[in-house]
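Taking it in order: structure first as structure tokens, then the write-up.
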Amino acid sequence: VDPEHWYRADDAYEENTRVTACSDDGDVVGSWTDKTGNADHVSQGTTANKPTWQDAELNGEPVLRFDGSNDYLKGAFTTGGTVSQPLTIIVVAKLDASAVNDGVQRNILNGDDVTHQVTICKASFPNPDAWNIFAGIDLNGGAADSNWNIWMALANGASSQLWQNGVTEAGPGNAGSHDLDGLTVGSTWTTTQYWKGDIAEIIIYGSALSEADRDEIGAYLEDRYGISYSGSSPSDSPSLS
């Protein structure tokens with residue numbers, strides 16, 4: 001299964017015009033590459049709102065760091081077009097310890113307008129704060145944490161589901177019917193409720209992946225980032241490199 005969109009922290013640029021590749025710890029990130037043929041990059045033109053590139057942060061691999069105040073990247077799926085439900089989003093991310101139960105929603109990602117929102121976030125409810133998937137309706141999981149996690153979110157109406165490191169975190173249940181026609185990384189589409197923490201990789205598929213496909217991708221991410229993934233067996237995913 002080939003992804004519709006794929007962003008990995010080893011392919012980012014300092015400018016939104018994509019001139020200088022990030023290479024030094026602390027470089028600002030103005031554009032994050034969509035590594036698929038769609039090339040629907042997410043970008044940020046304002047320096048103060050750019051996340052930073054952290055070298056060799058996770059198992060020797062770089063990550064993008066979002067400050068929780070105003071950092072975000074955004075872009076439309078101009079080439080790829082709308083990714084309709086069922087769709088699967090996979091994210092490798094870590095919430096900063098100071099934000100685990102701060103009563104503030106923290107969005108790893110979101111869509112780019114009000115009717116196209118598919119969100120993986122740390123919700124500000126219940127108490128303690130909980131992991132959440134939203135595609136028009138909140139579907140809550142368990143208490144938030146500050147670990148590196150491999151998130152897999154299936155947006156599929158009443159059959160939506162969220163997995164944490166291969167284990168069911170929320171659902172199956174109703175997360176709503178929104179599709180994606182663009183992506184905001186690090187905040188909501190309205191640029192509020194900012195992520196505070198790190199993101200290493202985002203992969204978006206225009207389908208409900210089989211358990212075997214999820215495990216294969218989980219194995220690739222486990223091998224690359226050193227995060228334990230339940231149920232994985234192969235060491236590579238043939239759709240990713």
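Residues in the structure tokens are named by chain (A, B, ... in the order shown) and by number from 1 within that chain; ligands are numbered from 1 in the order shown.
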
- Message: Quick one: residues within 10 Å of Ala99 of chain A, only C-alpha atoms, excluding same-chain residues fewer than 5 positions away - as a VMD selection string?
- Response: chain A and resid 68 104 to 106 122 129 144 to 146 195 to 197

- Message: Taking 6 positions as the minimum chain separation for residues in the same chain, which residues sit within 10 Å of Thr119 of chain A when counting only C-alpha atoms? Answer as an MDAnalysis selection string.
- Response: chainID A and resid 89 107:111 132:136 138 153 155 175 178 180 183:185 187:189

- Task: Write down as a PyMOL selection string the residues of segment 64-233 of chain A whose backbone DSSP state falls under strand (DSSP E or B).
- Result: chain A and resi 64-67+73-76+83+87-95+106-110+113+116+119-123+130-134+138-143+148-155+160-164+167-173+180+182-185+194+196-205

- Contacts of Ser177 of chain A within 10 Å, only C-alpha atoms, excl. fewer than 5 positions in-chain, as a VMD selection string: chain A and resid 84 to 86 115 to 118 134 to 137 155 to 158 160

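Closest to Glu222 of chain A among A:Asn149, A:Asn101, A:Ser210, A:Thr46 is A:Asn149, based on only C-alpha atoms.
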
Residues of segment 76-170 of chain A within 12 Å of segment 7-12 of chain A: nearest atom pair and distance (Å, one decimal) for each, counting only C-alpha atoms, sorted by chain and number, as a tab-separated table?
residue	atom	partner	partner_atom	distance
A:Ile89	CA	A:Tyr7	CA	11.4
A:Ile90	CA	A:Tyr7	CA	10.4
A:Val91	CA	A:Tyr7	CA	9.5
A:Val92	CA	A:Arg8	CA	9.5
A:Ala93	CA	A:Ala9	CA	11.3

Could you save the residues just selected, with N, CA and C atoms, as an mmCIF file, in the first residue's frame?
data_model
loop_
_atom_site.group_PDB
_atom_site.id
_atom_site.type_symbol
_atom_site.label_atom_id
_atom_site.label_comp_id
_atom_site.auth_asym_id
_atom_site.auth_seq_id
_atom_site.Cartn_x
_atom_site.Cartn_y
_atom_site.Cartn_z
ATOM 1 N N ILE A 89 -3.943 7.667 9.307
ATOM 2 C CA ILE A 89 -2.824 8.566 9.575
ATOM 3 C C ILE A 89 -1.914 7.904 10.603
ATOM 4 N N ILE A 90 -0.627 7.903 10.305
ATOM 5 C CA ILE A 90 0.376 7.325 11.204
ATOM 6 C C ILE A 90 1.359 8.419 11.584
ATOM 7 N N VAL A 91 1.622 8.556 12.886
ATOM 8 C CA VAL A 91 2.482 9.632 13.389
ATOM 9 C C VAL A 91 3.429 9.069 14.441
ATOM 10 N N VAL A 92 4.678 9.510 14.397
ATOM 11 C CA VAL A 92 5.635 9.252 15.473
ATOM 12 C C VAL A 92 5.852 10.580 16.189
ATOM 13 N N ALA A 93 5.456 10.658 17.455
ATOM 14 C CA ALA A 93 5.478 11.939 18.161
ATOM 15 C C ALA A 93 5.685 11.743 19.655
#

Compile the contact shell of Thr190 of chain A as a tab-separated table (two decimals) with all heavy atoms, in the first residue's frame: residues with an atom at most 9 Å away, counting only C-alpha atoms, same-chain residues fewer than 4 positions apart removed.
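Wrote part.tsv, looks like this:
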chain	number	residue	atom	x	y	z
A	112	ASP	N	-6.99	21.54	7.16
A	112	ASP	CA	-6.68	22.94	6.88
A	112	ASP	C	-7.91	23.82	6.75
A	112	ASP	O	-7.80	24.99	6.39
A	112	ASP	CB	-5.81	23.07	5.63
A	112	ASP	CG	-6.54	22.70	4.34
A	112	ASP	OD1	-7.64	22.10	4.42
A	112	ASP	OD2	-6.02	23.03	3.25
A	113	ASP	N	-9.11	23.29	7.07
A	113	ASP	CA	-10.31	24.13	7.14
A	113	ASP	C	-11.35	23.44	8.01
A	113	ASP	O	-11.19	22.29	8.41
A	113	ASP	CB	-10.87	24.44	5.74
A	113	ASP	CG	-11.38	23.22	5.00
A	113	ASP	OD1	-12.41	22.65	5.44
A	113	ASP	OD2	-10.77	22.82	4.00
A	114	VAL	N	-12.43	24.14	8.30
A	114	VAL	CA	-13.38	23.70	9.34
A	114	VAL	C	-14.11	22.41	8.98
A	114	VAL	O	-14.49	21.65	9.87
A	114	VAL	CB	-14.38	24.84	9.65
A	114	VAL	CG1	-15.29	25.12	8.46
A	114	VAL	CG2	-15.19	24.54	10.90

- Item | Pairwise distance for atom CA of Ala76 of chain A and atom CA of Asp181 of chain A, rounded to one decimal in Å | 6.3 Å
